[in-house]
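K.L.:
input-v1.cif is reproduced below (mmCIF, C-alpha atoms).
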data_model
#
loop_
_atom_site.label_atom_id
_atom_site.label_comp_id
_atom_site.auth_asym_id
_atom_site.auth_seq_id
_atom_site.Cartn_x
_atom_site.Cartn_y
_atom_site.Cartn_z
CA MET D 227 23.05 -11.24 16.21
CA PRO D 228 22.32 -13.66 13.35
CA SER D 229 24.71 -13.48 10.41
CA TRP D 230 23.85 -12.05 7.00
CA ARG D 231 23.84 -15.55 5.64
CA GLU D 232 21.37 -16.75 8.24
CA VAL D 233 19.01 -13.81 7.76
CA SER D 234 18.94 -13.93 3.97
CA LEU D 235 18.71 -17.73 3.79
CA TYR D 236 15.88 -17.77 6.30
CA PHE D 237 13.76 -15.22 4.43
CA LEU D 238 14.49 -16.87 1.11
CA MET D 239 13.28 -20.16 2.56
CA LEU D 240 10.22 -18.38 3.90
CA GLY D 241 9.64 -16.93 0.44
CA PHE D 242 9.30 -20.44 -0.92
CA ILE D 243 7.12 -21.98 1.76
CA ASN D 244 4.73 -19.20 2.71
CA ILE D 245 1.68 -20.39 0.84
CA GLY D 246 -1.67 -19.34 2.24
CA GLY D 247 -3.23 -16.34 3.87
CA PRO D 248 -1.46 -13.84 6.11
CA VAL D 249 -2.67 -15.56 9.26
CA ALA D 250 -1.02 -18.85 8.36
CA GLN D 251 2.14 -17.03 7.24
CA ILE D 252 2.42 -14.95 10.38
CA THR D 253 1.77 -17.93 12.64
CA MET D 254 4.61 -19.75 10.92
CA MET D 255 6.92 -16.76 11.21
CA TYR D 256 6.11 -16.53 14.91
CA SER D 257 7.01 -20.13 15.57
CA HIS D 258 10.28 -19.79 13.63
CA MET D 259 11.49 -16.40 14.74
CA VAL D 260 10.27 -16.25 18.32
CA GLU D 261 10.11 -19.87 19.47
CA LYS D 262 12.86 -21.63 17.53
CA ARG D 263 15.46 -19.03 16.61
CA ARG D 264 14.76 -16.60 19.44
CA TRP D 265 15.48 -13.59 17.27
CA LEU D 266 13.03 -11.48 19.24
CA SER D 267 10.69 -11.69 22.22
CA LYS D 268 7.00 -12.45 22.02
CA GLU D 269 6.11 -8.93 23.18
CA ARG D 270 8.27 -7.33 20.52
CA PHE D 271 6.75 -9.58 17.86
CA VAL D 272 3.21 -8.66 18.86
CA GLN D 273 4.13 -4.97 18.93
CA ILE D 274 5.62 -5.12 15.43
CA MET D 275 2.62 -7.06 14.18
CA ALA D 276 0.25 -4.37 15.42
CA PHE D 277 2.35 -1.76 13.63
CA CYS D 278 2.39 -3.68 10.34
CA HIS D 279 -1.33 -4.31 10.65
CA MET D 280 -1.93 -0.57 10.55
CA LEU D 281 0.13 0.01 7.43
CA PRO D 282 -1.35 -0.50 3.99
CA GLY D 283 0.06 -3.49 2.16
CA PRO D 284 0.82 -7.14 2.95
CA GLU D 285 1.45 -7.70 6.64
CA ALA D 286 3.65 -10.77 6.37
CA LEU D 287 6.04 -8.96 4.02
CA GLN D 288 6.17 -5.95 6.31
CA LEU D 289 6.85 -8.18 9.28
CA ALA D 290 9.72 -9.78 7.36
CA ILE D 291 11.16 -6.36 6.48
CA TYR D 292 10.91 -5.22 10.09
CA VAL D 293 12.62 -8.27 11.52
CA GLY D 294 15.34 -8.02 8.88
CA TYR D 295 15.79 -4.39 9.95
CA LEU D 296 15.99 -5.37 13.63
CA LYS D 297 18.65 -7.94 12.92
CA ARG D 298 20.77 -6.21 10.31
CA LYS D 299 19.64 -2.56 10.03
CA LEU D 300 18.55 -0.94 6.78
CA TRP D 301 20.10 -3.43 4.38
CA GLY D 302 18.88 -6.30 6.50
CA GLY D 303 15.33 -5.03 6.04
CA ILE D 304 15.75 -4.62 2.30
CA ILE D 305 17.33 -8.06 1.85
CA ALA D 306 14.68 -9.71 4.05
CA GLY D 307 11.86 -8.14 2.04
CA LEU D 308 13.39 -8.92 -1.34
CA THR D 309 14.16 -12.55 -0.55
CA PHE D 310 10.65 -12.88 0.86
CA ILE D 311 8.96 -11.67 -2.36
CA LEU D 312 11.33 -12.97 -5.00
CA PRO D 313 10.44 -16.70 -5.14
CA GLY D 314 6.72 -15.95 -5.33
CA ALA D 315 7.21 -13.22 -7.92
CA VAL D 316 9.29 -15.52 -10.15
CA VAL D 317 6.70 -18.31 -9.89
CA MET D 318 3.95 -15.79 -10.59
CA ILE D 319 5.70 -14.45 -13.70
CA LEU D 320 6.13 -18.00 -15.00
CA LEU D 321 2.47 -18.77 -14.36
CA SER D 322 1.40 -15.50 -16.00
CA TRP D 323 3.48 -16.36 -19.05
CA LEU D 324 1.88 -19.80 -19.24
CA TYR D 325 -1.52 -18.20 -18.73
CA VAL D 326 -1.09 -15.71 -21.57
CA LYS D 327 0.27 -18.44 -23.83
CA TYR D 328 -2.12 -21.29 -23.02
CA GLY D 329 -4.92 -19.58 -21.10
CA SER D 330 -7.47 -20.13 -23.84
CA LEU D 331 -6.92 -23.90 -24.02
CA PRO D 332 -9.87 -25.94 -22.73
CA PRO D 333 -8.01 -27.77 -19.91
CA VAL D 334 -6.76 -24.46 -18.47
CA ASN D 335 -10.29 -23.12 -18.61
CA ASP D 336 -11.62 -26.25 -16.92
CA PHE D 337 -9.02 -25.84 -14.19
CA LEU D 338 -9.91 -22.21 -13.62
CA TYR D 339 -13.63 -23.06 -13.78
CA ILE D 340 -13.16 -24.95 -10.49
CA LEU D 341 -10.57 -22.63 -8.94
CA LYS D 342 -12.26 -19.27 -9.49
CA PRO D 343 -15.44 -19.81 -7.48
CA ALA D 344 -13.33 -21.20 -4.63
CA VAL D 345 -11.32 -18.00 -4.70
CA LEU D 346 -14.55 -16.03 -4.42
CA GLY D 347 -15.34 -18.14 -1.35
CA ILE D 348 -11.93 -17.26 0.08
CA ILE D 349 -12.52 -13.57 -0.65
CA GLY D 350 -15.93 -13.77 1.01
CA ALA D 351 -14.40 -15.29 4.13
CA GLY D 352 -11.73 -12.59 4.06
CA ILE D 353 -14.42 -9.91 3.97
CA ILE D 354 -16.10 -11.41 7.03
CA LYS D 355 -12.80 -11.30 8.89
CA LEU D 356 -12.02 -7.74 7.82
CA THR D 357 -15.51 -6.63 8.84
CA ARG D 358 -15.18 -8.18 12.28
CA ALA D 359 -11.83 -6.45 12.79
CA ALA D 360 -12.92 -3.07 11.41
CA ILE D 361 -16.33 -2.61 13.01
CA ARG D 362 -15.71 -1.73 16.62
CA ASN D 363 -18.71 0.54 17.13
CA VAL D 364 -21.94 1.66 15.49
CA PHE D 365 -20.39 4.68 13.86
CA LEU D 366 -17.82 2.56 12.05
CA ALA D 367 -20.62 0.28 10.85
CA VAL D 368 -22.41 3.33 9.45
CA LEU D 369 -19.21 4.43 7.70
CA LEU D 370 -18.93 1.00 6.10
CA ALA D 371 -22.51 1.19 4.85
CA VAL D 372 -22.08 4.73 3.52
CA ALA D 373 -18.87 3.72 1.74
CA PHE D 374 -20.70 0.78 0.18
CA PHE D 375 -23.60 2.86 -1.13
CA ALA D 376 -21.38 5.74 -2.27
CA MET D 377 -19.29 3.36 -4.33
CA ARG D 378 -22.01 1.04 -5.59
CA PHE D 379 -24.73 3.51 -6.47
CA ALA D 380 -23.13 6.94 -6.66
CA GLY D 381 -19.85 5.88 -8.27
CA VAL D 382 -17.77 8.09 -5.98
CA ASN D 383 -14.01 7.74 -6.46
CA PHE D 384 -12.90 5.38 -3.77
CA LEU D 385 -9.75 7.18 -2.68
CA LEU D 386 -12.16 9.97 -1.85
CA ILE D 387 -14.35 7.52 0.03
CA LEU D 388 -11.42 6.26 2.11
CA LEU D 389 -10.28 9.77 2.89
CA ALA D 390 -13.79 10.86 3.87
CA ALA D 391 -14.27 7.78 6.04
CA GLY D 392 -11.00 8.41 7.85
CA LEU D 393 -11.73 12.09 8.42
CA SER D 394 -15.31 11.46 9.58
CA ASN D 395 -14.15 9.00 12.17
CA LEU D 396 -11.37 11.33 13.28
CA ILE D 397 -13.82 14.22 13.72
CA ALA D 398 -16.38 11.98 15.39
CA THR D 399 -13.97 10.56 17.98
CA GLU D 400 -12.24 13.86 18.68
CA GLY D 401 -15.58 15.63 18.91
CA TRP D 402 -16.93 12.96 21.22
CA GLN D 403 -13.94 13.31 23.52
CA ARG D 404 -14.23 17.12 23.61
CA PHE D 405 -17.91 16.80 24.37
CA HIS D 406 -17.16 14.35 27.13
CA SER D 407 -14.40 16.42 28.72
CA VAL D 408 -16.52 19.58 28.55
CA GLY D 409 -19.42 17.68 30.08
CA LEU D 410 -17.23 16.43 32.90
CA ALA D 411 -15.69 19.83 33.52
CA MET D 412 -19.07 21.43 34.06
CA PRO D 413 -20.46 20.97 37.53
CA MET A 214 1.08 2.22 -15.23
CA ALA A 215 3.69 2.76 -12.52
CA TRP A 216 1.36 5.28 -10.90
CA LEU A 217 -1.60 2.90 -10.76
CA PHE A 218 0.49 0.23 -9.07
CA LEU A 219 2.15 2.69 -6.73
CA LYS A 220 -1.29 3.94 -5.74
CA THR A 221 -2.38 0.36 -5.19
CA GLY A 222 0.56 -0.26 -2.88
CA LEU A 223 0.11 3.04 -1.06
CA PHE A 224 -3.55 2.73 -0.21
CA SER A 225 -4.26 -0.97 0.14
CA PHE A 226 -5.41 -0.76 3.73
CA GLY A 227 -6.57 -4.20 4.75
CA GLY A 228 -4.11 -5.88 2.42
CA ALA A 229 -4.71 -7.83 -0.76
CA TYR A 230 -8.48 -7.44 -0.91
CA ALA A 231 -8.19 -3.69 -1.13
CA SER A 232 -5.60 -3.90 -3.88
CA MET A 233 -8.02 -6.11 -5.79
CA ALA A 234 -10.48 -3.23 -5.63
CA PHE A 235 -7.89 -0.80 -6.99
CA LEU A 236 -7.00 -3.03 -9.90
CA GLN A 237 -10.65 -3.76 -10.73
CA ARG A 238 -11.26 -0.02 -10.96
CA GLY A 239 -7.96 1.02 -12.53
CA ALA A 240 -6.66 -1.82 -14.67
CA VAL A 241 -10.00 -3.38 -15.65
CA GLU A 242 -12.53 -0.56 -15.90
CA GLN A 243 -10.43 2.48 -16.61
CA HIS A 244 -7.53 1.18 -18.73
CA GLN A 245 -9.07 -2.13 -19.86
CA TRP A 246 -5.74 -3.92 -19.75
CA LEU A 247 -7.62 -7.08 -18.80
CA THR A 248 -11.14 -8.32 -18.05
CA SER A 249 -12.57 -8.96 -14.57
CA SER A 250 -12.53 -12.65 -15.37
CA GLN A 251 -8.80 -12.47 -16.07
CA LEU A 252 -8.23 -10.49 -12.89
CA LEU A 253 -9.97 -13.21 -10.95
CA ASP A 254 -7.81 -15.82 -12.70
CA GLY A 255 -4.80 -13.87 -11.44
CA VAL A 256 -6.16 -13.81 -7.91
CA ALA A 257 -6.75 -17.57 -8.15
CA LEU A 258 -3.17 -18.14 -9.28
CA SER A 259 -1.76 -15.95 -6.52
CA VAL A 260 -3.58 -17.92 -3.86
CA ALA A 261 -1.82 -20.98 -5.21
CA THR A 262 1.65 -19.41 -5.25
CA PRO A 263 3.97 -18.80 -2.31
CA GLY A 264 4.45 -15.23 -1.23
CA PRO A 265 2.05 -12.42 -0.47
CA PHE A 266 -1.49 -12.75 -1.79
CA MET A 267 -0.90 -9.39 -3.46
CA LEU A 268 1.29 -11.00 -6.09
CA PHE A 269 -1.69 -11.01 -8.44
CA THR A 270 -0.54 -7.47 -9.13
CA THR A 271 2.49 -9.09 -10.82
CA PHE A 272 0.07 -11.12 -12.92
CA THR A 273 -1.91 -8.00 -13.83
CA GLY A 274 1.31 -6.27 -14.86
CA PHE A 275 2.29 -9.22 -17.03
CA VAL A 276 -1.04 -9.44 -18.82
CA ALA A 277 -0.97 -5.66 -19.36
CA GLY A 278 2.63 -5.28 -20.49
CA GLY A 279 4.60 -8.53 -20.61
CA LEU A 280 7.70 -9.11 -18.51
CA SER A 281 8.55 -5.44 -18.08
CA GLY A 282 4.95 -4.78 -17.05
CA ALA A 283 5.23 -7.48 -14.41
CA VAL A 284 8.48 -6.07 -13.06
CA ILE A 285 7.13 -2.51 -12.93
CA ALA A 286 3.92 -3.65 -11.23
CA THR A 287 5.75 -5.72 -8.62
CA PHE A 288 8.29 -3.01 -7.89
CA PHE A 289 5.78 -0.22 -7.41
CA VAL A 290 3.22 -2.23 -5.48
CA PHE A 291 5.71 -3.37 -2.86
CA LEU A 292 7.86 -0.23 -2.74
CA PRO A 293 5.55 1.56 -0.26
CA SER A 294 5.79 -1.38 2.16
CA PHE A 295 9.58 -1.02 2.29
CA VAL A 296 9.41 2.74 2.68
CA PHE A 297 6.73 2.63 5.38
CA VAL A 298 8.39 -0.07 7.46
CA LEU A 299 11.98 1.12 7.17
CA GLY A 300 10.99 4.76 7.51
CA GLY A 301 8.60 4.16 10.40
CA ALA A 302 10.57 1.48 12.23
CA ARG A 303 11.93 3.88 14.82
CA TYR A 304 8.62 5.61 15.45
CA ILE A 305 6.53 2.52 16.04
CA GLU A 306 5.64 3.53 19.60
CA ALA A 307 4.80 7.11 18.71
CA VAL A 308 2.58 5.91 15.89
CA ARG A 309 0.80 3.46 18.12
CA ASN A 310 0.10 6.09 20.74
CA ASN A 311 -1.12 8.71 18.31
CA GLN A 312 -4.84 8.80 18.99
CA ALA A 313 -5.77 10.98 16.02
CA LEU A 314 -3.94 8.76 13.55
CA GLN A 315 -5.57 5.68 15.05
CA SER A 316 -9.05 7.21 14.69
CA PHE A 317 -8.35 8.18 11.11
CA LEU A 318 -7.10 4.71 10.24
CA ALA A 319 -10.06 3.06 11.97
CA GLY A 320 -12.37 5.09 9.72
CA VAL A 321 -10.38 4.17 6.63
CA SER A 322 -10.46 0.48 7.59
CA ALA A 323 -14.24 0.58 7.88
CA GLY A 324 -14.62 2.41 4.57
CA VAL A 325 -12.30 0.05 2.75
CA VAL A 326 -14.46 -2.93 3.67
CA GLY A 327 -17.44 -1.25 1.99
CA VAL A 328 -15.34 -0.69 -1.13
CA ILE A 329 -14.11 -4.29 -1.15
CA ILE A 330 -17.67 -5.63 -0.86
CA VAL A 331 -18.73 -3.58 -3.90
CA VAL A 332 -15.86 -4.86 -6.03
CA SER A 333 -16.38 -8.45 -4.92
CA ILE A 334 -20.02 -8.25 -5.98
CA GLU A 335 -18.85 -7.04 -9.37
CA LEU A 336 -16.53 -10.02 -9.65
CA LEU A 337 -19.26 -12.59 -8.95
CA PRO A 338 -20.52 -13.02 -12.54
CA ALA A 339 -16.99 -13.75 -13.76
CA ALA A 340 -16.82 -16.95 -11.72
CA LEU A 341 -20.36 -17.97 -10.85
CA ILE A 342 -21.57 -19.16 -14.21
CA ASP A 343 -23.70 -22.14 -13.19
CA TRP A 344 -24.97 -23.99 -10.11
CA TRP A 345 -21.81 -26.02 -9.69
CA THR A 346 -19.67 -22.94 -9.35
CA VAL A 347 -22.10 -21.49 -6.79
CA VAL A 348 -21.80 -24.70 -4.77
CA ILE A 349 -17.98 -24.59 -4.93
CA ALA A 350 -17.91 -20.97 -3.79
CA LEU A 351 -20.28 -21.69 -0.90
CA VAL A 352 -18.40 -24.77 0.24
CA ALA A 353 -15.08 -22.89 0.21
CA PHE A 354 -16.64 -19.95 2.06
CA LEU A 355 -18.33 -22.06 4.73
CA ALA A 356 -15.29 -24.28 5.22
CA ILE A 357 -13.20 -21.25 6.11
CA VAL A 358 -15.79 -19.34 8.14
CA LEU A 359 -17.50 -22.18 9.99
CA ILE A 360 -14.89 -24.89 10.45
CA LYS A 361 -11.82 -22.65 10.22
CA VAL A 362 -10.10 -24.56 7.45
CA ASP A 363 -6.89 -22.77 6.47
CA ILE A 364 -7.03 -20.77 3.23
CA ALA A 365 -3.95 -22.59 1.92
CA LEU A 366 -5.67 -25.94 2.36
CA VAL A 367 -8.79 -24.71 0.56
CA ALA A 368 -6.64 -23.35 -2.27
CA VAL A 369 -4.53 -26.48 -2.65
CA SER A 370 -7.48 -28.88 -2.51
CA THR A 371 -9.47 -26.89 -5.09
CA MET A 372 -6.38 -26.84 -7.29
CA GLY A 373 -6.20 -30.61 -7.02
CA LEU A 374 -9.89 -30.86 -7.84
CA GLY A 375 -9.47 -28.47 -10.77
CA LEU A 376 -6.55 -30.49 -12.09
CA LEU A 377 -8.53 -33.74 -11.86
CA TYR A 378 -11.49 -32.14 -13.59
CA ALA A 379 -9.33 -30.68 -16.38
CA LEU A 380 -7.54 -33.99 -16.93
CA GLY A 381 -10.80 -35.89 -16.78
CA ARG A 382 -12.35 -33.69 -19.43
CA ALA A 383 -9.25 -33.81 -21.59
CA PHE A 384 -8.90 -37.59 -21.66
CA PHE A 385 -12.39 -38.99 -21.28
#
Take the structure in this file and express it as structure tokens.
P.N.:
Amino acid sequence: MPSWREVSLYFLMLGFINIGGPVAQITMMYSHMVEKRRWLSKERFVQIMAFCHMLPGPEALQLAIYVGYLKRKLWGGIIAGLTFILPGAVVMILLSWLYVKYGSLPPVNDFLYILKPAVLGIIGAGIIKLTRAAIRNVFLAVLLAVAFFAMRFAGVNFLLILLAAGLSNLIATEGWQRFHSVGLAMP
Amino acid sequence: MAWLFLKTGLFSFGGAYASMAFLQRGAVEQHQWLTSSQLLDGVALSVATPGPFMLFTTFTGFVAGGLSGAVIATFFVFLPSFVFVLGGARYIEAVRNNQALQSFLAGVSAGVVGVIIVVSIELLPAALIDWWTVVIALVAFLAIVLIKVDIALVAVSTMGLGLLYALGRAFF
């Protein structure tokens, strides 16, 4: 079992270097934790990743919390998560402070003029990836479209949209299975 | 304020993009703590900072309520992650094998993409103000989708470009 010192120092280090999207972060964590440090097996890592993927919130952070928990129980998880967020949060607060103070200066605006559209490009690419992962059948594609129109043109509250989408798919799959099993049971 | 950020942390299926949707609706439209353009600035800064992409919630908190706003926002956005993981850690197999829960979550994941697309469309005018910005957005998009350039690389190189442009305009 790795020591407290090793666990907290590792996640603190990770907190500083994990720039980029979740995929890059998780790939890096895999190479560190599974290949180099051998804290857990590949199978266990993949299993945990699938679990974190399901949960709402940032996957890389959740992965860090889980591994911290595996290594050092409850407090290990808490320490791993905190050290993982802290460096980024401190940097972000500093940047926000600078932004509020100097955000209206022309050079800052020029800088953001270039950066913002690139971020839109990144978001667009993220949407493509999310769509590919989420749409596994025609019904899910329909749900996506309905959610889009409900939000864009009918202004439906989107917690309501998410809840309705989840329930519809639940009813659809369960219903489909019932239908199937009934169909098979009948001669 | 705590409630908005807690909600954001609780329901951001699909990660940071979903939380962007929550903040666009809650912090921008409903409470008007900041403009969509500022929100996008925050997202831009968070891409450039280490740590989860979702740290732009910290930025939103800061713009809305200074240092204490930032601390509250960060705490409540990430709190659910700790609770879910540490609370669910022992049931990971049961959760994975629960067919009903999986179906429900699959539906939510599809719906959330629709929501994210709507919000992203609303954010377009804040950044795409002339042809140059459209070109930048397209190049970034295509670089990631077509030639699989890592997001971090796209972020860092645009930051470099932005810095050069800002310095160029300031001194020449």
K.L.:
Report as a PyMOL selection string all protein, DNA and RNA residues lying within 10 Å of Trp265 in chain D, evaluated on all atoms listed in the file, omitting residues in the same chain fewer than 3 positions from it.
P.N.:
chain D and resi 227-228+258-262+268+271+293+296-297
K.L.:
Run through the PyMOL selection byres ((chain D and resi 308) around 12) on the given coordinates and return the selected residues as number ranges by chain.
P.N.:
D: 233-241, 287-288, 290-291, 294, 301-307, 309-316; A: 264-265, 287-288, 291-292, 294-295
K.L.:
Report, in Å with one decimal, the straight-line distance from CA of Leu385 in chain D to CA of Ala231 in chain A.
P.N.:
11.1 Å
K.L.:
Pick out the closest residue to Ala257 in chain A from this set: A:Val241, A:Ile364, A:Leu355, A:Ala215. Count all atoms listed in the file.
P.N.:
A:Ile364
K.L.:
Applied to this file, what does the PyMOL selection byres ((chain D and resi 320) around 12) return in terms of residues, put as a list in words?
P.N.:
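Taken over the shown coordinates, the PyMOL selection byres ((chain D and resi 320) around 12) returns Pro313, Gly314, Ala315, Val316, Val317, Met318, Ile319, Leu321, Ser322, Trp323, Leu324, Tyr325, Val326, Lys327 and Tyr328 of chain D; Leu258, Ser259, Thr262, Thr271, Phe272, Phe275, Val276, Gly279, Leu280 and Ala283 of chain A.
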